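Engineer: Structure file run25.pdb (PDB, C-alpha atoms and all ligand atoms) is given on the next line.
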```pdb
ATOM      1  CA  MET A   1      -4.020 -15.534  16.431
ATOM      2  CA  ALA A   2      -4.354 -12.489  14.201
ATOM      3  CA  GLU A   3      -3.916  -9.052  15.776
ATOM      4  CA  VAL A   4      -6.425  -6.428  14.641
ATOM      5  CA  LEU A   5      -4.666  -3.095  14.118
ATOM      6  CA  ALA A   6      -7.645  -1.026  13.070
ATOM      7  CA  GLU A   7     -11.356  -1.283  12.475
ATOM      8  CA  THR A   8     -12.980   1.202  10.139
ATOM      9  CA  GLU A   9     -16.567   1.627   9.021
ATOM     10  CA  ARG A  10     -16.367  -1.344   6.615
ATOM     11  CA  LEU A  11     -12.929  -2.875   7.067
ATOM     12  CA  ARG A  12     -10.560  -4.567   9.426
ATOM     13  CA  LEU A  13      -6.758  -4.301   9.151
ATOM     14  CA  ARG A  14      -5.133  -7.334  10.719
ATOM     15  CA  THR A  15      -1.925  -9.350  10.790
ATOM     16  CA  TRP A  16      -1.490 -12.317   8.454
ATOM     17  CA  GLY A  17      -2.602 -15.808   9.462
ATOM     18  CA  PRO A  18      -1.484 -19.181   8.068
ATOM     19  CA  ASP A  19      -4.250 -19.434   5.430
ATOM     20  CA  ASP A  20      -3.916 -15.887   4.102
ATOM     21  CA  ARG A  21      -1.072 -16.431   1.628
ATOM     22  CA  GLU A  22      -3.145 -18.811  -0.488
ATOM     23  CA  GLU A  23      -6.286 -16.661  -0.461
ATOM     24  CA  PHE A  24      -4.323 -13.444  -1.049
ATOM     25  CA  THR A  25      -2.692 -15.094  -4.080
ATOM     26  CA  ARG A  26      -6.024 -16.339  -5.401
ATOM     27  CA  VAL A  27      -7.680 -12.929  -5.298
ATOM     28  CA  THR A  28      -4.812 -10.576  -6.158
ATOM     29  CA  ASN A  29      -2.318 -12.432  -8.364
ATOM     30  CA  THR A  30      -4.166 -11.434 -11.520
ATOM     31  CA  PRO A  31      -2.998  -9.508 -14.606
ATOM     32  CA  ALA A  32      -5.089  -6.433 -13.730
ATOM     33  CA  VAL A  33      -3.930  -6.185 -10.116
ATOM     34  CA  MET A  34      -0.291  -6.917 -10.994
ATOM     35  CA  ARG A  35      -0.214  -4.627 -14.065
ATOM     36  CA  TRP A  36       2.215  -2.133 -12.506
ATOM     37  CA  LEU A  37       3.928  -4.601 -10.185
ATOM     38  CA  GLY A  38       5.936  -6.669 -12.637
ATOM     39  CA  GLY A  39       3.054  -8.875 -13.776
ATOM     40  CA  VAL A  40       1.582 -12.044 -12.299
ATOM     41  CA  SER A  41       4.128 -13.518  -9.890
ATOM     42  CA  ASN A  42       5.559 -17.008  -9.598
ATOM     43  CA  GLU A  43       5.669 -18.983  -6.369
ATOM     44  CA  ALA A  44       9.274 -18.173  -5.470
ATOM     45  CA  THR A  45       8.743 -14.416  -5.912
ATOM     46  CA  ARG A  46       5.536 -14.565  -3.885
ATOM     47  CA  ASP A  47       7.064 -16.578  -1.050
ATOM     48  CA  ALA A  48       9.935 -14.092  -0.793
ATOM     49  CA  ALA A  49       7.460 -11.188  -0.712
ATOM     50  CA  PHE A  50       5.314 -12.879   1.953
ATOM     51  CA  ASP A  51       8.431 -13.557   4.035
ATOM     52  CA  ARG A  52       9.370  -9.867   3.807
ATOM     53  CA  ILE A  53       5.851  -8.917   4.923
ATOM     54  CA  ASP A  54       6.196 -11.212   7.961
ATOM     55  CA  GLY A  55       9.665  -9.774   8.594
ATOM     56  CA  PHE A  56       8.409  -6.184   8.777
ATOM     57  CA  GLN A  57       5.747  -7.191  11.322
ATOM     58  CA  ARG A  58       8.373  -9.032  13.383
ATOM     59  CA  ASP A  59      11.028  -6.303  13.181
ATOM     60  CA  TYR A  60       8.925  -3.123  13.344
ATOM     61  CA  GLY A  61       5.468  -4.189  14.566
ATOM     62  CA  HIS A  62       3.831  -3.045  11.341
ATOM     63  CA  THR A  63       3.577  -4.307   7.789
ATOM     64  CA  PHE A  64       1.271  -4.419   4.780
ATOM     65  CA  TRP A  65      -1.675  -5.851   6.723
ATOM     66  CA  ILE A  66      -4.570  -7.945   5.468
ATOM     67  CA  VAL A  67      -7.601  -5.841   4.536
ATOM     68  CA  GLU A  68     -10.741  -7.767   5.424
ATOM     69  CA  ARG A  69     -14.310  -6.656   4.769
ATOM     70  CA  THR A  70     -16.139  -6.798   8.082
ATOM     71  CA  LYS A  71     -19.615  -7.723   6.848
ATOM     72  CA  ASP A  72     -18.600 -10.977   5.136
ATOM     73  CA  GLY A  73     -14.982 -11.580   6.153
ATOM     74  CA  ALA A  74     -13.796 -11.356   2.512
ATOM     75  CA  LEU A  75     -10.061 -10.829   2.081
ATOM     76  CA  LEU A  76      -9.797  -7.760  -0.167
ATOM     77  CA  GLY A  77      -6.011  -7.425  -0.265
ATOM     78  CA  PHE A  78      -3.401  -5.619   1.770
ATOM     79  CA  CYS A  79      -2.741  -2.095   2.972
ATOM     80  CA  GLY A  80      -0.393  -0.809   5.601
ATOM     81  CA  LEU A  81       3.062   0.334   6.553
ATOM     82  CA  LYS A  82       6.488  -1.074   5.877
ATOM     83  CA  ARG A  83       9.929   0.506   5.675
ATOM     84  CA  VAL A  84      11.569   1.474   2.413
ATOM     85  CA  ASN A  85      13.894  -1.300   1.298
ATOM     86  CA  ALA A  86      13.820  -1.126  -2.516
ATOM     87  CA  PRO A  87      17.220  -1.757  -4.099
ATOM     88  CA  GLY A  88      18.199   1.600  -5.581
ATOM     89  CA  GLY A  89      16.284   3.633  -3.009
ATOM     90  CA  GLU A  90      19.064   3.495  -0.405
ATOM     91  CA  PRO A  91      18.817   7.154   0.717
ATOM     92  CA  LEU A  92      15.212   6.418   1.745
ATOM     93  CA  HIS A  93      15.828   3.056   3.369
ATOM     94  CA  GLY A  94      14.237   2.602   6.778
ATOM     95  CA  GLN A  95      11.675   5.393   6.310
ATOM     96  CA  PHE A  96       7.965   4.638   6.705
ATOM     97  CA  GLU A  97       6.264   3.573   3.472
ATOM     98  CA  ILE A  98       2.541   3.102   2.909
ATOM     99  CA  GLY A  99       1.327   0.604   0.317
ATOM    100  CA  TRP A 100      -1.857  -1.027  -0.995
ATOM    101  CA  ARG A 101      -3.041  -3.819  -3.273
ATOM    102  CA  LEU A 102      -6.709  -4.769  -3.542
ATOM    103  CA  ARG A 103      -8.578  -7.382  -5.578
ATOM    104  CA  GLU A 104     -10.043  -5.951  -8.771
ATOM    105  CA  ASP A 105     -13.699  -6.541  -7.834
ATOM    106  CA  ALA A 106     -13.183  -4.300  -4.795
ATOM    107  CA  TRP A 107     -11.807  -1.295  -6.723
ATOM    108  CA  GLY A 108     -13.659   1.987  -6.998
ATOM    109  CA  GLN A 109     -15.626   1.707  -3.752
ATOM    110  CA  GLY A 110     -13.404   3.747  -1.482
ATOM    111  CA  TYR A 111     -11.925   0.722   0.277
ATOM    112  CA  ALA A 112      -8.300   1.659  -0.419
ATOM    113  CA  LYS A 113      -8.823   5.187   0.856
ATOM    114  CA  GLU A 114     -10.515   3.858   3.990
ATOM    115  CA  ALA A 115      -7.687   1.391   4.683
ATOM    116  CA  ALA A 116      -4.985   3.929   3.829
ATOM    117  CA  MET A 117      -6.464   6.559   6.153
ATOM    118  CA  ALA A 118      -6.443   4.024   8.998
ATOM    119  CA  SER A 119      -2.831   3.185   8.127
ATOM    120  CA  LEU A 120      -1.788   6.857   8.209
ATOM    121  CA  ASP A 121      -3.597   7.289  11.542
ATOM    122  CA  LEU A 122      -1.503   4.397  12.859
ATOM    123  CA  ALA A 123       1.689   5.750  11.278
ATOM    124  CA  PHE A 124       1.400   9.182  12.879
ATOM    125  CA  GLY A 125      -0.252   7.922  16.091
ATOM    126  CA  ARG A 126       0.816   4.534  17.368
ATOM    127  CA  TYR A 127       4.115   4.393  15.443
ATOM    128  CA  GLY A 128       5.164   8.053  15.714
ATOM    129  CA  ALA A 129       6.281   8.378  12.081
ATOM    130  CA  PRO A 130       7.764  11.819  11.231
ATOM    131  CA  HIS A 131       6.622  11.362   7.637
ATOM    132  CA  VAL A 132       5.360   8.615   5.338
ATOM    133  CA  LEU A 133       6.449   7.903   1.775
ATOM    134  CA  ALA A 134       4.552   6.158  -1.005
ATOM    135  CA  MET A 135       6.002   4.772  -4.202
ATOM    136  CA  THR A 136       4.573   3.889  -7.543
ATOM    137  CA  VAL A 137       5.344   4.233 -11.256
ATOM    138  CA  ALA A 138       4.307   6.913 -13.736
ATOM    139  CA  GLY A 139       1.568   4.855 -15.414
ATOM    140  CA  ASN A 140      -0.196   3.759 -12.233
ATOM    141  CA  ALA A 141      -2.924   6.399 -12.262
ATOM    142  CA  ALA A 142      -5.035   4.703  -9.568
ATOM    143  CA  SER A 143      -2.206   4.549  -7.064
ATOM    144  CA  GLN A 144      -1.110   8.127  -7.769
ATOM    145  CA  GLY A 145      -4.730   9.280  -7.565
ATOM    146  CA  LEU A 146      -5.036   7.693  -4.149
ATOM    147  CA  MET A 147      -1.798   9.319  -2.967
ATOM    148  CA  LYS A 148      -3.085  12.729  -4.023
ATOM    149  CA  ARG A 149      -6.507  12.035  -2.479
ATOM    150  CA  LEU A 150      -4.730  11.383   0.823
ATOM    151  CA  GLY A 151      -2.939  14.737   0.588
ATOM    152  CA  MET A 152       0.452  13.267  -0.245
ATOM    153  CA  HIS A 153       2.841  15.437  -2.265
ATOM    154  CA  ARG A 154       4.831  14.411  -5.324
ATOM    155  CA  ARG A 155       8.555  14.493  -4.534
ATOM    156  CA  GLU A 156      10.470  14.205  -7.797
ATOM    157  CA  ASP A 157      13.709  14.850  -5.916
ATOM    158  CA  LEU A 158      13.262  11.477  -4.166
ATOM    159  CA  ASP A 159      12.604   9.365  -7.292
ATOM    160  CA  PHE A 160      14.996   6.488  -7.936
ATOM    161  CA  VAL A 161      15.694   3.594 -10.285
ATOM    162  CA  ASP A 162      14.634   0.289  -8.752
ATOM    163  CA  ARG A 163      17.440  -2.162  -9.525
ATOM    164  CA  ARG A 164      15.063  -5.139  -9.607
ATOM    165  CA  PHE A 165      13.448  -3.986 -12.834
ATOM    166  CA  PRO A 166      14.591  -2.889 -16.307
ATOM    167  CA  ASN A 167      15.126   0.849 -16.681
ATOM    168  CA  PRO A 168      13.655   2.718 -18.300
ATOM    169  CA  SER A 169      10.489   0.615 -18.516
ATOM    170  CA  ASP A 170       6.847   0.975 -17.561
ATOM    171  CA  ILE A 171       7.755  -0.117 -14.028
ATOM    172  CA  ASN A 172      10.807   2.136 -13.622
ATOM    173  CA  PRO A 173      11.831   4.630 -12.335
ATOM    174  CA  ALA A 174      10.031   4.556  -8.990
ATOM    175  CA  ILE A 175       8.258   7.831  -8.297
ATOM    176  CA  VAL A 176       7.789   9.064  -4.765
ATOM    177  CA  TYR A 177       5.101  10.888  -2.788
ATOM    178  CA  ARG A 178       5.363  12.042   0.820
ATOM    179  CA  ILE A 179       3.253  13.407   3.658
ATOM    180  CA  ASP A 180       4.549  14.824   6.948
ATOM    181  CA  ALA A 181       3.001  14.200  10.369
ATOM    182  CA  ALA A 182       2.090  17.886  10.736
ATOM    183  CA  GLU A 183       0.162  17.800   7.452
ATOM    184  CA  TRP A 184      -1.993  14.778   8.275
ATOM    185  CA  PRO A 185      -4.760  16.336  10.425
ATOM    186  CA  ALA A 186      -5.812  18.793   7.690
ATOM    187  CA  ALA A 187      -5.217  16.263   4.908
ATOM    188  CA  ARG A 188      -7.355  13.768   6.821
ATOM    189  CA  GLU A 189     -10.258  16.219   7.007
ATOM    190  CA  ALA A 190      -9.940  16.929   3.280
ATOM    191  CA  ALA A 191      -9.820  13.205   2.444
ATOM    192  CA  LEU A 192     -13.057  12.662   4.362
ATOM    193  CA  ALA A 193     -14.873  15.351   2.404
TER
HETATM  194  C1  LIG P 201      -4.553   1.538  -6.192
HETATM  195  C2  LIG P 201      -5.761   0.785  -5.624
HETATM  196  C3  LIG P 201      -5.368   0.165  -4.279
HETATM  197  C4  LIG P 201      -6.924   1.766  -5.439
HETATM  198  O1  LIG P 201      -7.973   1.051  -4.816
HETATM  199  P1  LIG P 201      -9.504   1.540  -4.793
HETATM  200  O2  LIG P 201     -10.159   0.838  -3.656
HETATM  201  O3  LIG P 201     -10.089   1.393  -6.144
HETATM  202  O4  LIG P 201      -9.371   3.094  -4.447
HETATM  203  P2  LIG P 201     -10.517   3.985  -3.801
HETATM  204  O5  LIG P 201     -11.849   3.563  -4.368
HETATM  205  O6  LIG P 201     -10.367   4.005  -2.321
HETATM  206  O7  LIG P 201     -10.184   5.419  -4.381
HETATM  207  C5  LIG P 201      -9.603   6.436  -3.576
HETATM  208  C6  LIG P 201      -9.098   7.539  -4.467
HETATM  209  O8  LIG P 201      -8.044   7.063  -5.291
HETATM  210  C7  LIG P 201      -8.118   7.711  -6.564
HETATM  211  N1  LIG P 201      -8.310   6.684  -7.599
HETATM  212  C8  LIG P 201      -8.771   5.421  -7.455
HETATM  213  N2  LIG P 201      -8.781   4.795  -8.628
HETATM  214  C9  LIG P 201      -8.329   5.692  -9.543
HETATM  215  C10 LIG P 201      -8.080   5.629 -10.938
HETATM  216  N3  LIG P 201      -8.328   4.520 -11.640
HETATM  217  N4  LIG P 201      -7.574   6.724 -11.549
HETATM  218  C11 LIG P 201      -7.299   7.851 -10.867
HETATM  219  N5  LIG P 201      -7.521   7.958  -9.517
HETATM  220  C12 LIG P 201      -8.019   6.890  -8.887
HETATM  221  C13 LIG P 201      -9.290   8.653  -6.526
HETATM  222  O9  LIG P 201      -8.827   9.929  -6.133
HETATM  223  C14 LIG P 201     -10.131   8.076  -5.424
HETATM  224  O10 LIG P 201     -10.863   9.034  -4.737
HETATM  225  P3  LIG P 201     -12.349   9.464  -5.231
HETATM  226  O11 LIG P 201     -13.121   8.187  -5.360
HETATM  227  O12 LIG P 201     -12.819  10.333  -4.133
HETATM  228  O13 LIG P 201     -12.145  10.146  -6.524
HETATM  229  C15 LIG P 201      -6.205  -0.335  -6.597
HETATM  230  O14 LIG P 201      -6.420   0.236  -7.879
HETATM  231  C16 LIG P 201      -5.245  -1.501  -6.725
HETATM  232  O15 LIG P 201      -5.210  -2.391  -5.881
HETATM  233  N6  LIG P 201      -4.434  -1.522  -7.814
HETATM  234  C17 LIG P 201      -3.585  -2.663  -8.116
HETATM  235  C18 LIG P 201      -2.403  -2.796  -7.195
HETATM  236  C19 LIG P 201      -1.470  -1.608  -7.272
HETATM  237  O16 LIG P 201      -1.142  -1.114  -8.337
HETATM  238  N7  LIG P 201      -1.037  -1.162  -6.090
HETATM  239  C20 LIG P 201      -0.198  -0.010  -5.976
HETATM  240  C21 LIG P 201       1.189  -0.282  -6.299
HETATM  241  S1  LIG P 201       2.162   1.214  -6.202
END
```
Since I need it in another form, could you write the structure as structure tokens?
Ligand SMILES: CC(C)(COP(=O)(O)OP(=O)(O)OC[C@H]1O[C@@H](n2cnc3c(N)ncnc32)[C@H](O)[C@@H]1OP(=O)(O)O)[C@@H](O)C(=O)NCCC(=O)NCCS
Structural biologist:
Amino acid sequence: MAEVLAETERLRLRTWGPDDREEFTRVTNTPAVMRWLGGVSNEATRDAAFDRIDGFQRDYGHTFWIVERTKDGALLGFCGLKRVNAPGGEPLHGQFEIGWRLREDAWGQGYAKEAAMASLDLAFGRYGAPHVLAMTVAGNAASQGLMKRLGMHRREDLDFVDRRFPNPSDINPAIVYRIDAAEWPAAREAALA
């Protein structure tokens, strides 16, 4: 039975159920969505990623949750909180990390911001995070735009080379943004405006 972590105006953030892997793959494993994530994934890579998502929920009580549109139950993608575990980012390991991935036909409608704001509310409320990091790559303008829109700050001093990918390449190095708990109330107001 899925646990609902948050309900927003248009969305529900919930834990993964048995049928979600297939539907998530169908709607998000596309060239556009995976452009800055190493390209369309194969089954072994996906299964390992899904297992890590389940592992975060089991170990920490939070993960990259399913984002579901309330009005029609459509699975839009994921958004939520994990812990940094990227190979190469060892100094950051264990810290809270926010992430997002939505199907292309849902882009540009404010869904990611809505889901990310709920995730930051959970991070600084329910989970007591001191700060939250976000990671992307230089070319991913949408993801960086969202980080800035949420009031996250670019932290070049925290950037690192992700050992899973060629470096330099268009998916390396990983670039880092951060927001502290004390900054979230004002950033939240600004993000709503
Ligand atoms: C990143 C992503 C989740 C954004 O989703 P979205 O629902 O389109 O984002 P929103 O509509 O909520 O936009 C929120 C803010 O993000 C920024 N943003 C969104 N798309 C942008 C773009 N293409 N360029 C620059 N900024 C952008 C804007 O500041 C926007 O706020 P505004 O509408 O008030 O200007 C989506 O593009 C995606 O899933 N990309 C593929 C997967 C991916 O790369 N994930 C991140 C890996 S690090």
Engineer: Counting all atoms listed in the file, what residues are within 7 Å of ligand LIG 201 (chain P), given as a ChimeraX atom specification?
Structural biologist: /A:32-37,99-104,106-114,135-137,140-146,148-149
Engineer: Return the single residue from A:Ile98, A:Val84, A:Ala138, A:Ala49 that is closest to Asn172 of chain A, with distances computed using all atoms listed in the file.
Structural biologist: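 Counting all atoms listed in the file, the residue closest to Asn172 of chain A is A:Ala138.
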Engineer: Between A:Ala44, A:Ala6, A:Val27, A:Leu75, which has the minimum distance to Ala118 of chain A (counting all atoms listed in the file)?
Structural biologist: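 So, comparing all the options, the nearest one is A:Ala6.
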Engineer: Kindly indicate which residue among A:Glu9, A:Asp51, A:Asp170, A:Glu90 lies nearest to Arg69 of chain A, using all atoms listed in the file for the distances.
Structural biologist: A:Glu9
Engineer: Is there a way to get, as a list in words, all residues within 10 Å of the point (10.0, 1.2, -15.7) in file coordinates, counting all atoms listed in the file?
Structural biologist: Trp36, Gly38, Val137, Ala138, Gly139, Val161, Asp162, Phe165, Pro166, Asn167, Pro168, Ser169, Asp170, Ile171, Asn172, Pro173 and Ala174 of chain A
Engineer: Write the residues you've just listed into a file as a compact mmCIF listing (two decimals), in the frame of the given file, and include C-alpha atoms for each of them.
Structural biologist:
```txt
# COMPACT_ATOMS: atom_id res chain seq x y z
CA TRP A 36 2.22 -2.13 -12.51
CA GLY A 38 5.94 -6.67 -12.64
CA VAL A 137 5.34 4.23 -11.26
CA ALA A 138 4.31 6.91 -13.74
CA GLY A 139 1.57 4.86 -15.41
CA VAL A 161 15.69 3.59 -10.28
CA ASP A 162 14.63 0.29 -8.75
CA PHE A 165 13.45 -3.99 -12.83
CA PRO A 166 14.59 -2.89 -16.31
CA ASN A 167 15.13 0.85 -16.68
CA PRO A 168 13.66 2.72 -18.30
CA SER A 169 10.49 0.62 -18.52
CA ASP A 170 6.85 0.98 -17.56
CA ILE A 171 7.76 -0.12 -14.03
CA ASN A 172 10.81 2.14 -13.62
CA PRO A 173 11.83 4.63 -12.34
CA ALA A 174 10.03 4.56 -8.99
```
Engineer: So how far away is atom CA of Thr8 of chain A from atom CA of His131 of chain A, in Å?
Structural biologist: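 If I compute the distance from atom CA of His131 of chain A to atom CA of Thr8 of chain A, I get 22.2 Å.
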Engineer: So, with only C-alpha atoms as the atoms that count, which of A:Arg164, A:His153, A:Arg26, A:His93 lies closest to Trp184 of chain A?
Structural biologist: A:His153
Engineer: Mind telling me what the PyMOL selection byres (((chain A and resi 119) around 12) and not hetatm) catches here, as a short mmCIF file (atom, residue, chain, number, x, y, z; two decimals) with C-alpha atoms, keeping the file's coordinate frame?
Structural biologist:
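To be explicit, this is the file written out as part-v1.cif:
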```cif
data_model
loop_
_atom_site.label_atom_id
_atom_site.label_comp_id
_atom_site.auth_asym_id
_atom_site.auth_seq_id
_atom_site.Cartn_x
_atom_site.Cartn_y
_atom_site.Cartn_z
CA LEU A 5 -4.67 -3.10 14.12
CA ALA A 6 -7.64 -1.03 13.07
CA GLU A 7 -11.36 -1.28 12.48
CA THR A 8 -12.98 1.20 10.14
CA LEU A 11 -12.93 -2.88 7.07
CA ARG A 12 -10.56 -4.57 9.43
CA LEU A 13 -6.76 -4.30 9.15
CA ARG A 14 -5.13 -7.33 10.72
CA HIS A 62 3.83 -3.04 11.34
CA THR A 63 3.58 -4.31 7.79
CA PHE A 64 1.27 -4.42 4.78
CA TRP A 65 -1.68 -5.85 6.72
CA ILE A 66 -4.57 -7.94 5.47
CA VAL A 67 -7.60 -5.84 4.54
CA PHE A 78 -3.40 -5.62 1.77
CA CYS A 79 -2.74 -2.10 2.97
CA GLY A 80 -0.39 -0.81 5.60
CA LEU A 81 3.06 0.33 6.55
CA LYS A 82 6.49 -1.07 5.88
CA PHE A 96 7.96 4.64 6.70
CA GLU A 97 6.26 3.57 3.47
CA ILE A 98 2.54 3.10 2.91
CA GLY A 99 1.33 0.60 0.32
CA TRP A 100 -1.86 -1.03 -1.00
CA ALA A 112 -8.30 1.66 -0.42
CA LYS A 113 -8.82 5.19 0.86
CA GLU A 114 -10.52 3.86 3.99
CA ALA A 115 -7.69 1.39 4.68
CA ALA A 116 -4.99 3.93 3.83
CA MET A 117 -6.46 6.56 6.15
CA ALA A 118 -6.44 4.02 9.00
CA LEU A 120 -1.79 6.86 8.21
CA ASP A 121 -3.60 7.29 11.54
CA LEU A 122 -1.50 4.40 12.86
CA ALA A 123 1.69 5.75 11.28
CA PHE A 124 1.40 9.18 12.88
CA GLY A 125 -0.25 7.92 16.09
CA ARG A 126 0.82 4.53 17.37
CA TYR A 127 4.12 4.39 15.44
CA ALA A 129 6.28 8.38 12.08
CA VAL A 132 5.36 8.62 5.34
CA LEU A 150 -4.73 11.38 0.82
CA TRP A 184 -1.99 14.78 8.28
CA ARG A 188 -7.36 13.77 6.82
#
```
Engineer: What does the distance from atom CA of Pro91 of chain A to atom CA of Arg46 of chain A come to in Å, to one decimal?
Structural biologist: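 According to the coordinates, atom CA of Pro91 of chain A and atom CA of Arg46 of chain A are separated by 25.9 Å.
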Engineer: To one decimal place, how far is atom CA of Gly17 of chain A from atom CA of Thr30 of chain A in Å?
Structural biologist: 21.5 Å
Engineer: What are the centre and edge lengths in Å, to one decimal, of the axis-aligned box around all listed atoms of segment 154-163 of chain A with 3 Å added on each side, as lines of an AutoDock Vina configuration file?
Structural biologist:
```
center_x = 11.1
center_y = 6.3
center_z = -7.2
size_x = 18.6
size_y = 23.0
size_z = 12.1
```
Engineer: Taking all atoms listed in the file into account, name the residue in A:Gly88, A:Val40, A:Asp157, A:Val4 that is nearest to Thr28 of chain A.
Structural biologist: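 Between A:Gly88, A:Val40, A:Asp157, A:Val4, the residue approaching Thr28 of chain A most closely is A:Val40.
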Engineer: From the options A:Leu76, A:Arg10, A:Thr15, A:Glu22, which residue's atoms come nearest to Ile53 of chain A, counting only C-alpha atoms?
Structural biologist: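 Among the listed residues, the smallest separation from Ile53 of chain A belongs to A:Thr15.
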